[in-house]
Amino acid sequence: MATESLKMLKKCFGESTLSRTQVFEWHKAFSEGREVVENLPHASRPSTSVNDDNIEKVQEIVLENRRVGIREIAQALNISYGLTQHILANLLGIKRVAARLVPIDLNFLQKRRRAEIVKEMRANVADDSTFIKRVITGDETVYEYDIETAQQFSEWRVKNEPKQKKTLENRSKIKVMLIVFFDYRDVVHHEFVPKG
């Protein structure tokens, strides 16, 4: 009987049991000879938006800009928000992951490790090489509070892909950007960027 089946299911699965109506429907279907639990073919209209072409386009958009939103993807491909979400989560297996906030200051161990790496790199370049002497690198420092939250900084990531790191910023009264270029000896050029 269907009621006995329902009792057995509740005893086995507790709160995770199907509803009474669903149990009775399944019981009736199996009593009438059904043998499979998978969905049977039906006459409803197939989804035309979930196709290989759209899946590939969604993948290209995400690879181009990992911070793109679902709405933007849906509008670009002229498909629904729900289908876009289905393609991202179920077919491509990616999800939106917020950045992990890390302190901006390095501790003494991190500083020492970076110095060791530089020494190793310099040791690997031949003494007579002018390669290191020709390298100029640049960096910029912003003395401004970053109002972008970790959630706003989130990106699409595949399962088990490491989270992006975002530095924790402190409020500062000075609001200016400094661009610095330096070579292996000293600062080559520095410039305060005008406001705006």
# chains A, B, ... in the order shown; residues from 1 in each chain; ligands from 1
>>> residues_around(residues="region 64-77 of chain A", least_positions_apart="4", cutoff="10 Å", atoms="only C-alpha atoms", output="PyMOL selection string")
chain A and resi 49+54+57-60+81-85+88+96-97+152-157
>>> residues_around(residues="region 177-187 of chain A", least_positions_apart="5", cutoff="10 Å", atoms="only C-alpha atoms", output="number ranges by chain")
A: 132-144, 192-195
>>> atom_distance(atom1="CA of His189 (chain A)", atom2="CA of Phe108 (chain A)")
27.4 Å
>>> select_by_dssp(residues="region 10-47 of chain A", states="helix (DSSP H, G or I)", output="list in words")
Lys10, Lys11, Cys12, Phe13, Gly14, Glu15, Ser16, Arg20, Thr21, Gln22, Val23, Phe24, Glu25, Trp26, His27, Lys28, Ala29, Phe30 and Ser31 of chain A
>>> write_last_selection(atoms="all heavy atoms", output="short mmCIF file (atom, residue, chain, number, x, y, z; two decimals), in the first residue's frame")
data_model
loop_
_atom_site.label_atom_id
_atom_site.label_comp_id
_atom_site.auth_asym_id
_atom_site.auth_seq_id
_atom_site.Cartn_x
_atom_site.Cartn_y
_atom_site.Cartn_z
N LYS A 10 9.66 7.45 5.41
CA LYS A 10 9.86 8.40 6.51
C LYS A 10 10.80 7.82 7.56
O LYS A 10 11.62 8.53 8.13
CB LYS A 10 8.52 8.79 7.14
CG LYS A 10 7.77 9.82 6.35
CD LYS A 10 6.55 10.32 7.08
CE LYS A 10 5.88 11.43 6.30
NZ LYS A 10 4.66 11.91 6.95
N LYS A 11 10.65 6.51 7.83
CA LYS A 11 11.51 5.85 8.81
C LYS A 11 12.96 5.86 8.33
O LYS A 11 13.88 6.06 9.12
CB LYS A 11 11.02 4.41 9.03
CG LYS A 11 11.76 3.68 10.12
CD LYS A 11 11.18 2.30 10.34
CE LYS A 11 11.94 1.58 11.45
NZ LYS A 11 11.42 0.24 11.68
N CYS A 12 13.14 5.67 7.03
CA CYS A 12 14.49 5.59 6.46
C CYS A 12 15.13 6.97 6.24
O CYS A 12 16.27 7.20 6.59
CB CYS A 12 14.43 4.82 5.15
SG CYS A 12 16.05 4.54 4.41
N PHE A 13 14.37 7.91 5.67
CA PHE A 13 14.94 9.21 5.25
C PHE A 13 14.54 10.39 6.13
O PHE A 13 15.04 11.50 5.94
CB PHE A 13 14.56 9.51 3.80
CG PHE A 13 15.13 8.52 2.82
CD1 PHE A 13 14.33 7.54 2.25
CD2 PHE A 13 16.48 8.55 2.49
CE1 PHE A 13 14.86 6.62 1.35
CE2 PHE A 13 17.01 7.64 1.60
CZ PHE A 13 16.20 6.67 1.03
N GLY A 14 13.62 10.21 7.06
CA GLY A 14 13.24 11.30 7.97
C GLY A 14 12.67 12.50 7.23
O GLY A 14 11.75 12.36 6.40
N GLU A 15 13.24 13.69 7.50
CA GLU A 15 12.72 14.93 6.90
C GLU A 15 13.03 15.03 5.41
O GLU A 15 12.44 15.85 4.71
CB GLU A 15 13.30 16.15 7.63
CG GLU A 15 12.80 16.29 9.05
CD GLU A 15 13.39 17.51 9.75
OE1 GLU A 15 14.00 18.35 9.08
OE2 GLU A 15 13.26 17.59 10.97
N SER A 16 13.97 14.24 4.91
CA SER A 16 14.34 14.29 3.50
C SER A 16 13.39 13.49 2.60
O SER A 16 13.58 13.42 1.40
CB SER A 16 15.76 13.75 3.31
OG SER A 16 16.67 14.48 4.09
N ARG A 20 3.90 13.47 0.60
CA ARG A 20 2.87 12.42 0.53
C ARG A 20 2.35 12.27 -0.89
O ARG A 20 2.23 11.16 -1.40
CB ARG A 20 1.75 12.77 1.51
CG ARG A 20 0.60 11.78 1.53
CD ARG A 20 -0.52 12.28 2.45
NE ARG A 20 -1.68 11.44 2.35
CZ ARG A 20 -1.93 10.39 3.11
NH1 ARG A 20 -1.04 10.07 4.06
NH2 ARG A 20 -3.02 9.68 2.96
N THR A 21 2.07 13.39 -1.54
CA THR A 21 1.53 13.36 -2.91
C THR A 21 2.51 12.69 -3.86
O THR A 21 2.11 11.85 -4.67
CB THR A 21 1.25 14.80 -3.40
OG1 THR A 21 0.44 15.46 -2.42
CG2 THR A 21 0.55 14.81 -4.73
N GLN A 22 3.79 13.05 -3.76
CA GLN A 22 4.80 12.47 -4.65
C GLN A 22 4.95 10.97 -4.42
O GLN A 22 5.06 10.19 -5.37
CB GLN A 22 6.15 13.16 -4.45
CG GLN A 22 6.20 14.58 -5.00
CD GLN A 22 7.51 15.26 -4.66
OE1 GLN A 22 8.01 15.14 -3.54
NE2 GLN A 22 8.06 15.99 -5.61
N VAL A 23 4.95 10.55 -3.16
CA VAL A 23 5.06 9.12 -2.83
C VAL A 23 3.88 8.36 -3.44
O VAL A 23 4.05 7.30 -4.06
CB VAL A 23 5.15 8.89 -1.31
CG1 VAL A 23 5.04 7.40 -0.97
CG2 VAL A 23 6.45 9.46 -0.77
N PHE A 24 2.67 8.92 -3.30
CA PHE A 24 1.49 8.26 -3.84
C PHE A 24 1.54 8.19 -5.37
O PHE A 24 1.15 7.17 -5.96
CB PHE A 24 0.21 8.97 -3.37
CG PHE A 24 -0.23 8.54 -1.99
CD1 PHE A 24 0.63 8.58 -0.91
CD2 PHE A 24 -1.52 8.09 -1.77
CE1 PHE A 24 0.24 8.19 0.36
CE2 PHE A 24 -1.94 7.69 -0.51
CZ PHE A 24 -1.05 7.74 0.56
N GLU A 25 2.05 9.26 -6.01
CA GLU A 25 2.16 9.25 -7.48
C GLU A 25 3.16 8.19 -7.94
O GLU A 25 2.89 7.45 -8.89
CB GLU A 25 2.59 10.63 -7.98
CG GLU A 25 1.48 11.66 -7.98
CD GLU A 25 1.95 13.05 -8.40
OE1 GLU A 25 3.11 13.19 -8.87
OE2 GLU A 25 1.16 14.00 -8.25
N TRP A 26 4.33 8.13 -7.27
CA TRP A 26 5.34 7.14 -7.64
C TRP A 26 4.82 5.71 -7.38
O TRP A 26 5.05 4.79 -8.18
CB TRP A 26 6.64 7.37 -6.87
CG TRP A 26 7.51 8.44 -7.47
CD1 TRP A 26 7.67 9.71 -7.03
CD2 TRP A 26 8.33 8.32 -8.63
NE1 TRP A 26 8.54 10.40 -7.83
CE2 TRP A 26 8.96 9.56 -8.84
CE3 TRP A 26 8.59 7.27 -9.52
CZ2 TRP A 26 9.84 9.81 -9.88
CZ3 TRP A 26 9.47 7.51 -10.58
CH2 TRP A 26 10.08 8.76 -10.75
N HIS A 27 4.13 5.51 -6.26
CA HIS A 27 3.58 4.19 -5.93
C HIS A 27 2.62 3.73 -7.01
O HIS A 27 2.65 2.58 -7.46
CB HIS A 27 2.89 4.23 -4.56
CG HIS A 27 2.49 2.88 -4.08
ND1 HIS A 27 1.28 2.30 -4.42
CD2 HIS A 27 3.14 1.97 -3.29
CE1 HIS A 27 1.20 1.11 -3.86
NE2 HIS A 27 2.32 0.88 -3.17
N LYS A 28 1.76 4.65 -7.46
CA LYS A 28 0.78 4.33 -8.50
C LYS A 28 1.50 3.96 -9.81
O LYS A 28 1.14 2.98 -10.47
CB LYS A 28 -0.15 5.52 -8.73
CG LYS A 28 -1.22 5.26 -9.76
CD LYS A 28 -2.09 6.47 -9.98
CE LYS A 28 -3.08 6.16 -11.10
NZ LYS A 28 -3.75 7.36 -11.57
N ALA A 29 2.53 4.77 -10.17
CA ALA A 29 3.27 4.51 -11.42
C ALA A 29 3.95 3.15 -11.40
O ALA A 29 3.90 2.40 -12.39
CB ALA A 29 4.30 5.61 -11.65
N PHE A 30 4.57 2.77 -10.26
CA PHE A 30 5.24 1.47 -10.16
C PHE A 30 4.23 0.33 -10.12
O PHE A 30 4.49 -0.75 -10.64
CB PHE A 30 6.17 1.42 -8.95
CG PHE A 30 7.44 2.21 -9.13
CD1 PHE A 30 7.77 3.23 -8.26
CD2 PHE A 30 8.30 1.94 -10.18
CE1 PHE A 30 8.94 3.98 -8.43
CE2 PHE A 30 9.48 2.67 -10.36
CZ PHE A 30 9.79 3.69 -9.49
N SER A 31 3.07 0.59 -9.50
CA SER A 31 2.01 -0.44 -9.48
C SER A 31 1.49 -0.72 -10.88
O SER A 31 1.06 -1.84 -11.18
CB SER A 31 0.84 0.01 -8.60
OG SER A 31 1.27 0.21 -7.28
#
>>> atom_distance(atom1="CA of Gln110 (chain A)", atom2="CA of Asn124 (chain A)")
21.3 Å
>>> atom_distance(atom1="CA of Leu92 (chain A)", atom2="CA of Lys159 (chain A)")
10.1 Å
>>> closest_residue(among="A:Lys95, A:Met121, A:Asn51, A:His190", to="Val158 (chain A)", atoms="only C-alpha atoms")
A:Lys95
